[in-house]
Every structure is written in C-alpha cells, then in structure tokens.
>>> print(open('model10.cif').read())   # mmCIF, C-alpha atoms
data_my_file
loop_
_atom_site.label_atom_id
_atom_site.label_comp_id
_atom_site.auth_asym_id
_atom_site.auth_seq_id
_atom_site.Cartn_x
_atom_site.Cartn_y
_atom_site.Cartn_z
CA MET A 1 219.97 121.49 218.23
CA VAL A 2 221.93 120.82 215.05
CA LEU A 3 220.73 122.95 212.14
CA ASP A 4 220.43 120.66 209.11
CA THR A 5 219.36 122.04 205.72
CA GLY A 6 219.96 118.61 204.20
CA SER A 7 217.28 116.64 206.07
CA GLU A 8 213.59 116.82 206.90
CA LEU A 9 212.61 115.31 210.23
CA SER A 10 213.39 117.33 213.35
CA TRP A 11 213.99 115.20 216.43
CA LEU A 12 214.87 115.33 220.10
CA HIS A 13 216.55 112.76 222.34
CA CYS A 14 213.78 111.52 224.64
CA LYS A 15 215.64 108.84 226.58
CA LYS A 16 218.71 109.33 228.73
CA THR A 17 221.66 107.11 227.77
CA SER A 18 225.37 107.06 228.65
CA THR A 19 226.02 109.43 225.72
CA SER A 20 222.80 111.48 225.49
CA THR A 21 222.26 113.18 228.81
CA SER A 22 220.58 116.30 227.43
CA ILE A 23 217.03 115.15 226.70
CA PHE A 24 213.45 116.31 226.19
CA ASP A 25 211.30 114.83 228.98
CA HIS A 26 207.93 114.49 227.24
CA ALA A 27 206.25 113.28 230.47
CA LYS A 28 206.48 116.87 231.73
CA SER A 29 204.75 118.32 228.64
CA SER A 30 200.96 118.54 228.85
CA SER A 31 200.74 119.25 225.08
CA TYR A 32 202.80 116.22 223.98
CA THR A 33 201.08 113.50 221.92
CA ALA A 34 202.71 110.32 220.58
CA LEU A 35 201.09 109.58 217.21
CA PRO A 36 199.23 106.31 216.61
CA CYS A 37 199.78 104.36 213.38
CA SER A 38 196.41 105.49 212.00
CA SER A 39 197.19 109.20 212.35
CA PRO A 40 197.02 111.14 209.00
CA VAL A 41 200.41 112.68 209.87
CA CYS A 42 201.88 109.16 210.05
CA THR A 43 200.10 107.76 207.00
CA THR A 44 200.21 110.77 204.64
CA GLN A 45 202.54 113.59 205.67
CA THR A 46 205.57 111.32 206.07
CA GLN A 47 205.69 110.57 202.33
CA ASP A 48 208.68 112.87 201.80
CA LEU A 49 210.84 111.13 204.43
CA THR A 50 213.82 109.12 203.17
CA VAL A 51 212.83 106.15 205.34
CA PRO A 52 209.04 105.58 205.57
CA PRO A 53 207.67 105.09 209.09
CA ILE A 54 206.56 101.67 210.30
CA CYS A 55 203.85 100.74 212.79
CA ASP A 56 205.00 99.59 216.20
CA LYS A 57 202.09 97.17 216.56
CA LYS A 58 202.79 96.43 220.20
CA ALA A 59 202.28 100.04 221.25
CA ASN A 60 200.26 101.09 218.15
CA LEU A 61 202.65 104.01 217.63
CA CYS A 62 204.12 105.54 214.46
CA HIS A 63 207.78 104.49 214.53
CA VAL A 64 210.37 106.59 212.66
CA ALA A 65 214.05 106.06 211.90
CA VAL A 66 216.71 108.36 210.45
CA SER A 67 220.28 107.78 209.30
CA TYR A 68 223.00 110.14 208.12
CA ALA A 69 226.03 110.07 205.82
CA ASP A 70 228.45 109.94 208.78
CA GLY A 71 227.01 106.54 209.78
CA SER A 72 224.90 107.69 212.74
CA SER A 73 221.27 106.58 213.10
CA LEU A 74 218.34 107.02 215.49
CA ASP A 75 214.84 105.70 215.97
CA GLY A 76 211.80 106.50 218.07
CA ASN A 77 208.20 107.66 217.82
CA LEU A 78 206.63 110.37 215.70
CA ALA A 79 204.97 112.86 218.03
CA LEU A 80 203.28 116.28 218.19
CA ASP A 81 203.89 119.15 220.57
CA THR A 82 203.61 122.93 220.71
CA PHE A 83 206.79 124.71 219.58
CA GLY A 84 207.36 128.35 220.49
CA ILE A 85 209.80 130.47 218.50
CA GLY A 86 209.82 134.00 219.90
CA SER A 87 206.18 134.94 220.48
CA PRO A 88 204.43 132.75 217.83
CA ARG A 89 203.42 129.32 219.09
CA ARG A 90 202.74 126.43 216.75
CA PRO A 91 200.61 123.64 218.24
CA ALA A 92 200.69 120.14 216.74
CA THR A 93 204.21 120.41 215.29
CA ALA A 94 205.48 116.96 214.29
CA PHE A 95 208.91 115.71 215.35
CA GLY A 96 210.71 112.51 216.26
CA CYS A 97 210.98 111.63 219.95
CA MET A 98 214.05 109.39 219.71
CA GLU A 99 214.78 106.62 222.18
CA SER A 100 217.78 104.81 220.73
CA SER A 101 220.75 105.94 218.68
CA SER A 102 224.04 104.79 217.23
CA SER A 103 226.81 107.29 216.55
CA THR A 104 230.30 107.38 215.07
CA THR A 105 231.10 110.55 217.08
CA PRO A 106 229.35 110.07 220.47
CA GLU A 107 231.31 112.84 222.20
CA GLU A 108 230.23 115.42 219.60
CA ASP A 109 226.64 114.19 219.57
CA ALA A 110 226.43 114.38 223.36
CA LYS A 111 226.65 118.18 223.07
CA THR A 112 223.23 118.39 221.42
CA THR A 113 219.63 117.58 222.37
CA GLY A 114 218.45 117.05 218.80
CA LEU A 115 218.32 118.19 215.21
CA MET A 116 216.29 120.81 213.34
CA GLY A 117 215.39 119.49 209.88
CA MET A 118 215.23 122.49 207.54
CA ASN A 119 214.90 121.09 204.01
CA ARG A 120 211.85 121.58 201.76
CA GLY A 121 209.94 118.40 202.74
CA ARG A 122 206.45 118.77 204.18
CA LEU A 123 207.44 117.77 207.75
CA SER A 124 210.56 119.95 207.87
CA PHE A 125 210.68 122.57 210.61
CA ALA A 126 210.84 125.35 207.98
CA ASN A 127 207.71 124.04 206.29
CA GLN A 128 205.70 123.37 209.45
CA MET A 129 206.54 126.84 210.78
CA GLY A 130 205.45 128.39 207.47
CA LEU A 131 208.78 130.17 206.97
CA SER A 132 209.21 132.09 203.73
CA LYS A 133 212.84 132.85 204.58
CA PHE A 134 215.57 131.95 207.07
CA SER A 135 219.24 132.85 207.46
CA TYR A 136 222.22 131.67 209.44
CA CYS A 137 225.84 132.54 210.01
CA ILE A 138 228.12 129.76 211.29
CA SER A 139 231.15 130.85 213.30
CA GLY A 140 234.43 128.97 213.38
CA SER A 141 234.07 128.39 217.13
CA ASP A 142 231.49 126.51 219.20
CA SER A 143 228.34 128.16 220.52
CA THR A 144 228.59 131.35 218.50
CA GLY A 145 226.85 132.37 215.33
CA VAL A 146 223.24 133.11 214.58
CA LEU A 147 220.02 131.69 213.13
CA VAL A 148 217.22 134.00 211.99
CA LEU A 149 213.78 132.58 211.22
CA GLY A 150 212.08 135.15 208.98
CA ASP A 151 213.56 138.29 207.45
CA ALA A 152 216.94 139.53 208.72
CA ARG A 153 217.07 143.31 208.32
CA LEU A 154 220.69 144.08 209.06
CA PRO A 155 222.05 147.30 207.54
CA SER A 156 225.61 146.28 208.42
CA LEU A 157 225.49 143.09 206.32
CA PRO A 158 227.45 143.06 203.05
CA LEU A 159 225.42 142.88 199.86
CA LEU A 160 224.12 139.37 199.25
CA LYS A 161 224.69 137.71 195.88
CA TYR A 162 221.88 135.32 194.93
CA THR A 163 221.78 132.04 193.07
CA PRO A 164 218.46 130.45 192.02
CA LEU A 165 217.28 127.19 193.57
CA VAL A 166 216.94 124.35 191.07
CA THR A 167 213.73 122.32 191.33
CA LYS A 168 212.96 118.97 189.70
CA LEU A 169 209.62 117.36 190.49
CA ASP A 170 210.46 114.02 188.82
CA ARG A 171 211.27 111.10 191.10
CA LEU A 172 214.80 110.17 190.00
CA PRO A 173 216.98 107.50 191.66
CA TYR A 174 219.75 109.89 192.80
CA TRP A 175 217.90 113.21 193.03
CA ASP A 176 216.84 114.65 196.37
CA ARG A 177 213.68 116.67 195.54
CA PHE A 178 213.63 118.42 198.92
CA ALA A 179 217.25 119.59 199.14
CA TYR A 180 218.40 123.17 198.50
CA THR A 181 219.84 122.54 195.05
CA VAL A 182 221.94 125.10 193.16
CA GLN A 183 223.74 125.06 189.81
CA PHE A 184 227.50 124.64 190.21
CA GLN A 185 229.41 126.29 187.35
CA GLY A 186 233.12 126.14 188.07
CA ILE A 187 236.06 126.40 190.48
CA ARG A 188 238.89 128.92 190.66
CA VAL A 189 242.10 128.32 192.63
CA GLY A 190 243.88 131.61 193.26
CA SER A 191 243.56 133.38 189.90
CA LYS A 192 243.41 130.16 187.87
CA MET A 193 240.07 128.94 186.54
CA LEU A 194 240.15 125.14 186.54
CA PRO A 195 239.76 123.53 183.09
CA ILE A 196 236.56 121.62 183.92
CA PRO A 197 233.81 121.39 181.27
CA THR A 198 230.43 122.76 182.37
CA SER A 199 228.93 119.35 181.55
CA ALA A 200 230.77 117.95 184.62
CA PHE A 201 228.42 119.99 186.85
CA VAL A 202 225.17 119.05 185.09
CA PRO A 203 223.18 116.20 186.70
CA ASP A 204 222.60 113.16 184.48
CA HIS A 205 219.29 111.45 183.63
CA SER A 206 219.31 109.57 186.99
CA GLY A 207 219.74 112.77 189.03
CA ALA A 208 223.38 111.96 189.92
CA GLY A 209 225.51 115.11 189.97
CA GLN A 210 223.08 117.31 191.92
CA THR A 211 224.69 120.14 193.96
CA ILE A 212 223.19 120.72 197.42
CA LEU A 213 223.82 123.13 200.29
CA ASP A 214 223.92 120.99 203.42
CA SER A 215 224.60 122.52 206.83
CA GLY A 216 224.38 119.03 208.38
CA THR A 217 227.45 117.67 206.53
CA GLN A 218 230.81 118.83 207.82
CA PHE A 219 233.01 118.96 204.72
CA THR A 220 232.48 119.56 200.99
CA PHE A 221 232.35 116.60 198.60
CA LEU A 222 232.90 116.79 194.85
CA LEU A 223 232.34 114.19 192.16
CA ALA A 224 235.61 112.43 191.28
CA PRO A 225 236.35 114.09 187.86
CA VAL A 226 236.01 117.56 189.43
CA TYR A 227 237.69 116.64 192.72
CA ASN A 228 240.77 115.21 190.99
CA VAL A 229 241.36 118.41 188.97
CA LEU A 230 241.01 120.56 192.12
CA LYS A 231 243.23 118.27 194.19
CA THR A 232 246.00 118.36 191.55
CA GLU A 233 245.89 122.16 191.21
CA PHE A 234 245.81 122.83 194.95
CA ALA A 235 248.77 120.48 195.51
CA LYS A 236 250.66 122.22 192.69
CA GLN A 237 250.04 125.74 194.01
CA THR A 238 251.03 124.79 197.59
CA LYS A 239 254.06 122.57 196.93
CA SER A 240 256.47 125.21 198.30
CA VAL A 241 254.40 125.59 201.49
CA LEU A 242 253.02 122.11 202.27
CA THR A 243 254.45 118.56 202.27
CA ILE A 244 252.06 115.88 201.02
CA ASP A 245 251.65 112.71 203.07
CA PRO A 246 250.89 110.29 200.20
CA GLY A 247 249.75 107.35 202.34
CA TYR A 248 247.35 109.16 204.63
CA VAL A 249 243.56 109.28 204.02
CA PHE A 250 241.14 110.99 206.41
CA GLN A 251 237.55 109.72 206.81
CA THR A 252 237.87 107.48 203.68
CA ALA A 253 237.19 110.31 201.18
CA MET A 254 239.80 113.00 201.97
CA ASP A 255 242.99 111.77 200.39
CA LEU A 256 245.00 114.99 200.07
CA CYS A 257 246.72 115.30 203.43
CA PHE A 258 249.90 117.05 204.51
CA ARG A 259 252.60 116.56 207.14
CA VAL A 260 253.26 119.73 209.10
CA GLY A 261 256.08 119.87 211.65
CA SER A 262 256.13 121.86 214.85
CA THR A 263 256.35 125.18 212.98
CA LYS A 264 253.11 127.14 212.81
CA LEU A 265 251.24 126.89 209.53
CA ASP A 266 251.07 130.15 207.55
CA TYR A 267 247.54 130.10 206.13
CA SER A 268 248.06 133.39 204.28
CA LYS A 269 250.28 131.54 201.76
CA LEU A 270 247.42 129.27 200.66
CA PRO A 271 245.45 130.17 197.52
CA THR A 272 241.73 130.96 197.83
CA VAL A 273 239.38 128.37 196.34
CA SER A 274 236.25 129.96 194.83
CA LEU A 275 233.17 127.82 194.22
CA MET A 276 231.17 129.46 191.47
CA PHE A 277 227.41 129.17 191.09
CA THR A 278 224.92 130.91 188.80
CA GLY A 279 225.08 134.55 189.98
CA ALA A 280 227.08 133.98 193.19
CA GLU A 281 230.26 132.45 194.55
CA LEU A 282 231.46 131.00 197.83
CA THR A 283 235.09 131.71 198.74
CA VAL A 284 237.11 129.24 200.81
CA SER A 285 240.37 130.58 202.20
CA GLY A 286 242.80 130.37 205.13
CA GLN A 287 241.93 127.91 207.89
CA LYS A 288 238.81 126.70 206.06
CA LEU A 289 241.06 124.99 203.49
CA LEU A 290 242.76 122.59 205.91
CA TYR A 291 241.47 120.48 208.78
CA HIS A 292 243.87 119.70 211.63
CA VAL A 293 243.47 115.98 212.37
CA PRO A 294 243.68 115.53 216.16
CA GLY A 295 246.64 113.39 217.20
CA PRO A 296 249.73 113.24 219.40
CA GLY A 297 253.33 114.04 218.49
CA SER A 298 255.04 116.78 216.51
CA ASP A 299 254.24 115.28 213.09
CA GLN A 300 250.88 116.98 212.68
CA LYS A 301 248.45 116.00 209.91
CA TYR A 302 246.35 118.55 208.02
CA CYS A 303 243.89 117.45 205.33
CA PHE A 304 242.35 119.37 202.45
CA THR A 305 238.71 120.05 203.38
CA PHE A 306 237.33 118.83 200.06
CA GLY A 307 236.57 115.13 199.70
CA ASN A 308 235.94 112.73 196.83
CA SER A 309 232.20 111.95 196.62
CA GLU A 310 232.94 108.60 195.00
CA LEU A 311 235.08 107.46 197.95
CA ALA A 312 232.32 108.60 200.33
CA GLY A 313 229.70 106.62 198.41
CA LEU A 314 227.85 109.76 197.28
CA GLU A 315 226.42 110.62 193.85
CA MET A 316 226.31 114.39 194.35
CA PHE A 317 228.21 117.58 195.11
CA ILE A 318 227.68 118.59 198.76
CA ILE A 319 228.67 122.03 200.07
CA GLY A 320 229.17 121.36 203.79
CA ASN A 321 229.08 123.54 206.90
CA HIS A 322 232.87 123.93 207.21
CA HIS A 323 232.91 126.00 204.02
CA GLN A 324 229.85 127.95 205.13
CA GLN A 325 231.67 129.30 208.21
CA ASN A 326 231.74 133.11 208.33
CA VAL A 327 229.40 133.28 205.33
CA TRP A 328 225.95 134.83 205.75
CA MET A 329 223.57 132.28 204.19
CA GLU A 330 220.02 133.36 203.33
CA TYR A 331 217.45 130.81 202.16
CA ASP A 332 214.67 132.74 200.45
CA ILE A 333 212.10 129.96 200.06
CA ALA A 334 209.34 132.28 198.77
CA HIS A 335 211.51 133.47 195.86
CA ALA A 336 213.37 130.17 195.35
CA LYS A 337 216.89 131.55 195.76
CA VAL A 338 219.85 131.44 198.15
CA GLY A 339 222.01 134.45 199.00
CA PHE A 340 225.70 134.47 200.04
CA ALA A 341 227.79 137.15 201.71
CA ASN A 342 231.41 136.05 202.20
CA ASP A 343 233.81 137.08 204.99
CA VAL A 344 231.25 137.96 207.67
CA LYS A 345 232.46 137.76 211.29
CA CYS A 346 229.76 135.40 212.48
CA ASN A 347 230.78 135.50 216.14
CA GLN A 348 230.03 139.25 216.04
CA ALA A 349 226.90 138.89 213.89
CA SER A 350 225.02 137.53 216.92
CA GLN A 351 225.84 140.73 218.87
CA LEU A 352 224.58 142.87 215.97
CA LEU A 353 221.35 140.91 215.79
CA GLY A 354 220.81 141.12 219.52
CA SER A 355 220.35 144.88 219.28
CA ARG A 356 218.10 144.83 216.21
CA LEU A 357 215.62 141.96 216.57
#
>>> encode(input="model10.cif", output="structure tokens")
Amino acid sequence: MVLDTGSELSWLHCKKTSTSTSIFDHAKSSSYTALPCSSPVCTTQTQDLTVPPICDKKANLCHVAVSYADGSSLDGNLALDTFGIGSPRRPATAFGCMESSSSTTPEEDAKTTGLMGMNRGRLSFANQMGLSKFSYCISGSDSTGVLVLGDARLPSLPLLKYTPLVTKLDRLPYWDRFAYTVQFQGIRVGSKMLPIPTSAFVPDHSGAGQTILDSGTQFTFLLAPVYNVLKTEFAKQTKSVLTIDPGYVFQTAMDLCFRVGSTKLDYSKLPTVSLMFTGAELTVSGQKLLYHVPGPGSDQKYCFTFGNSELAGLEMFIIGNHHQQNVWMEYDIAHAKVGFANDVKCNQASQLLGSRL
C-alpha cells in the first residue's frame, strides 16, 4: 500500500482490471461489510473527507470517490473489515473498496493494492488505529525502507530535531485542517541564506501558503515568489556544472531542467539545499536534487526536484516524498510535533528494526 500522510481515506482495489491485478477479494472475508447509506459511519464520520460520499440508491450503498494532485481518481463503496497490525486486531475499520479507477501512471499504480491514508481526519488509518505516534524511513530504491506504527525505540538512530505542528480549526478556503502542517522559515543553498522575507512563508487570511508534509506527493512544490528565488540561486551556483535546457518543462510545474551528455553526473559538485522549519531542518543533497527524466538517446534530461506550486495549480508549500528519502520522519500526534533525522540509510534501517521490534 502507498503510505500517504496527505490524505484521509484508506482504500484497496477490489475489482481486477487490466492495470490493477493485485486486489482485495472481499468475498473471501467473513468480517467484510459494505456500508449502507444510512450507516452512521457514512452519514457522520465522513465529514472530514474532501469529497463527501453519495448514496448509490440502486444498491443502497455508501459510495465514495477520491482524487489526487497527479490527476488519478478512484471510486467504490465505503466498507468495514477487521484490520490486524502485528497482534492487535481492529474490527469495524472503515476503508474504501474501490471498483473503478483512472490513473496518469498506470504502470506505477499497478505495483500497489491500495493506499493507507495517514492524515489527522477521523477516518484516517492513524486515527482509527488510535496511534499516538508513527514513523517511517523512505529509501531511494523500491521495496526497502520501514514504517513503524507506535514508538520506535532505536538506539542507533541519530538525534531527532522537532518542529511543532500548526493547527487551525477555522474552515478556510485553502487550508487543509487535517494535514501535517509545519511552519516554513527559510531556505539555504550551500552556505547562502536566500533573501526571502519571513512573510512569504506565512499563510494568508484564506489559508493559502500552508506548508504540509505529504508522503503521497512525489516532489516538493513551493509558492512562486519563493520558488523563483531558489531556482535562480540554484542555477547560479551550478552554472559551471550543469547546462540549462531553457525550453524544457517537466510535469508542467518543474521548469528548471538541464541537458546532460553521456558523461556521468557528479552529484558531489551540487550545493545542498536546506529547508528550514521552526526548530528543525530538512537537507536535500546529491541525487535528491535532480530527477532523471526517462528517455532515449545520449542527450539526457535532469530536472530540479522543486516545482512551482502556481504552475501545478496549488496554493500551498508541499514537502514531497522524494525529499523525505533517507530521512527518519517521526509523527508524534500526541505531542503535536514532527521529528527529522537527516542522512539515515533507510535500506539498512529495516534490518535494524527487524532485530529490535
């Protein structure tokens, strides 16, 4: 399952299609229940969902739909089943049993059976499981890394630096009340602190300008005034190492791309980009700074892994999973804070945990 701290509803593919072959067969589960429209879970507990459920009058079932920033969408029925994580078992856990989907990356999506919604909404997996804390460490390669539900007692972990979670209870047009929101304070490229006023990181009266930690979004997106300063400085500090391709834009919002010939790219010559939050910082260096766009020929394209929120149609700062790779991320829900430990070898963290949990 995809771990998504930016969304609420967990779901599983329940119908085999040409792209989704890995499915949950609910007919084989004696504890599975599809929820009728009149169910309190359908009528009340879904109030935090971005898209409210509708009643499928023909079948009298609670119908749910989800959509994501990358353009993919799914729909199906809201259901209950017993979920077991380790020894604890949680009966009547709500999730979406999805029957149809549309995806912009079908090959990638075919690798997964579903999604684990981990935000702070009432139907999120974290909330339904009663978690006071969870941690994860994303590796740079597939199928490695670790997720810990509960407290991770690892003596070998570096010291975590914490930043408080920001909570607003008001319903504002552009504010996501259930996201893991932190206060962005500034950006450093190499040793240079970018000349960005702190007001550029403060959300306005509509909630636009919120900064969220989102493991379900691939790259990091910054509001245009901040992105443009970073883009200019990164291009300036790398002009002797990289050649800009001025006409190339990747995924509509990443417009700082480079042409790299057949010679191997020396990542050690790139400056580190540090994202600074209240009390903690996230460092982005080496291969995490550039994404190799797949394509034939010797003229290889590499794009800066920060995008312009405005071009992506977003009104917020999003710290995506690419920049969380090899960072130990701890979400301490009980104490309303998030901890970071940079430069952790996440593919080895799973081996460490295996001997201690």
>>> closest_residue(input="model10.cif", among="A:Ser285, A:Gly207, A:Gly114, A:Leu80", to="Leu169 in chain A", atoms="all atoms listed in the file")
A:Gly207
>>> atom_distance(input="model10.cif", atom1="CA of Lys301 in chain A", atom2="CA of Leu242 in chain A")
10.8 Å
>>> atom_distance(input="model10.cif", atom1="CA of Ser124 in chain A", atom2="CA of Phe178 in chain A")
9.6 Å
>>> closest_residue(input="model10.cif", among="A:Leu35, A:Val64, A:Ala110, A:Ser103", to="Asp81 in chain A", atoms="all atoms listed in the file")
A:Leu35
>>> atom_distance(input="model10.cif", atom1="CA of Val66 in chain A", atom2="CA of Arg89 in chain A")
26.3 Å
>>> closest_residue(input="model10.cif", among="A:Thr43, A:Thr220, A:Gln348, A:Ser268", to="Ile319 in chain A", atoms="only C-alpha atoms")
A:Thr220
>>> closest_residue(input="model10.cif", among="A:Leu223, A:Leu123, A:Leu172, A:Val182", to="Ala336 in chain A", atoms="all atoms listed in the file")
A:Val182
>>> resolve_selection(input="model10.cif", expression="the PyMOL selection byres ((chain A and resi 343) around 10)", output="list in words")
Pro158, Leu282, Thr283, Val284, Ser285, Gln324, Gln325, Asn326, Val327, Trp328, Phe340, Ala341, Asn342, Val344, Lys345 and Cys346 of chain A
>>> resolve_selection(input="model10.cif", expression="the PyMOL selection byres ((chain A and resi 11-18) around 10)", output="mmCIF file with C-alpha atoms, in the frame of the given file")
data_model
loop_
_atom_site.group_PDB
_atom_site.id
_atom_site.type_symbol
_atom_site.label_atom_id
_atom_site.label_comp_id
_atom_site.auth_asym_id
_atom_site.auth_seq_id
_atom_site.Cartn_x
_atom_site.Cartn_y
_atom_site.Cartn_z
ATOM 1 C CA MET A 1 219.970 121.490 218.230
ATOM 2 C CA VAL A 2 221.930 120.820 215.050
ATOM 3 C CA GLU A 8 213.590 116.820 206.900
ATOM 4 C CA LEU A 9 212.610 115.310 210.230
ATOM 5 C CA SER A 10 213.390 117.330 213.350
ATOM 6 C CA THR A 19 226.020 109.430 225.720
ATOM 7 C CA SER A 20 222.800 111.480 225.490
ATOM 8 C CA THR A 21 222.260 113.180 228.810
ATOM 9 C CA SER A 22 220.580 116.300 227.430
ATOM 10 C CA ILE A 23 217.030 115.150 226.700
ATOM 11 C CA PHE A 24 213.450 116.310 226.190
ATOM 12 C CA ASP A 25 211.300 114.830 228.980
ATOM 13 C CA HIS A 26 207.930 114.490 227.240
ATOM 14 C CA ALA A 27 206.250 113.280 230.470
ATOM 15 C CA VAL A 66 216.710 108.360 210.450
ATOM 16 C CA LEU A 74 218.340 107.020 215.490
ATOM 17 C CA ASP A 75 214.840 105.700 215.970
ATOM 18 C CA GLY A 76 211.800 106.500 218.070
ATOM 19 C CA ASN A 77 208.200 107.660 217.820
ATOM 20 C CA LEU A 78 206.630 110.370 215.700
ATOM 21 C CA ALA A 79 204.970 112.860 218.030
ATOM 22 C CA ALA A 94 205.480 116.960 214.290
ATOM 23 C CA PHE A 95 208.910 115.710 215.350
ATOM 24 C CA GLY A 96 210.710 112.510 216.260
ATOM 25 C CA CYS A 97 210.980 111.630 219.950
ATOM 26 C CA MET A 98 214.050 109.390 219.710
ATOM 27 C CA GLU A 99 214.780 106.620 222.180
ATOM 28 C CA SER A 100 217.780 104.810 220.730
ATOM 29 C CA SER A 101 220.750 105.940 218.680
ATOM 30 C CA PRO A 106 229.350 110.070 220.470
ATOM 31 C CA ALA A 110 226.430 114.380 223.360
ATOM 32 C CA THR A 112 223.230 118.390 221.420
ATOM 33 C CA THR A 113 219.630 117.580 222.370
ATOM 34 C CA GLY A 114 218.450 117.050 218.800
ATOM 35 C CA LEU A 115 218.320 118.190 215.210
ATOM 36 C CA MET A 116 216.290 120.810 213.340
ATOM 37 C CA GLY A 117 215.390 119.490 209.880
ATOM 38 C CA PHE A 125 210.680 122.570 210.610
#
>>> resolve_selection(input="model10.cif", expression="the PyMOL selection byres ((chain A and resi 4-6) around 12)", output="PyMOL selection string")
chain A and resi 1-3+7-11+49-50+67-69+114-121+124-127+134-136+147+176-181+211-218+318-321+329-331
>>> closest_residue(input="model10.cif", among="A:Gly145, A:Gly279, A:Pro36, A:Asp266", to="Asn347 in chain A", atoms="all atoms listed in the file")
A:Gly145
>>> axis_aligned_box(input="model10.cif", around="range 295-309 of chain A", padding_each_side="8 Å", output="JSON")
{"center_x": 243.6, "center_y": 116.0, "center_z": 208.0, "size_x": 38.8, "size_y": 24.1, "size_z": 38.8}
>>> residues_around(input="model10.cif", residues="range 186-202 of chain A", least_positions_apart="4", cutoff="10 Å", atoms="all atoms listed in the file", output="PyMOL selection string")
chain A and resi 207-211+222-226+229-230+233-234+237+270-278+281-285+316-317
>>> residues_around(input="model10.cif", residues="Tyr302 in chain A", least_positions_apart="5", cutoff="12 Å", atoms="only C-alpha atoms", output="ChimeraX atom specification")
/A:242-245,248-250,254-261,264-265,267,287-295
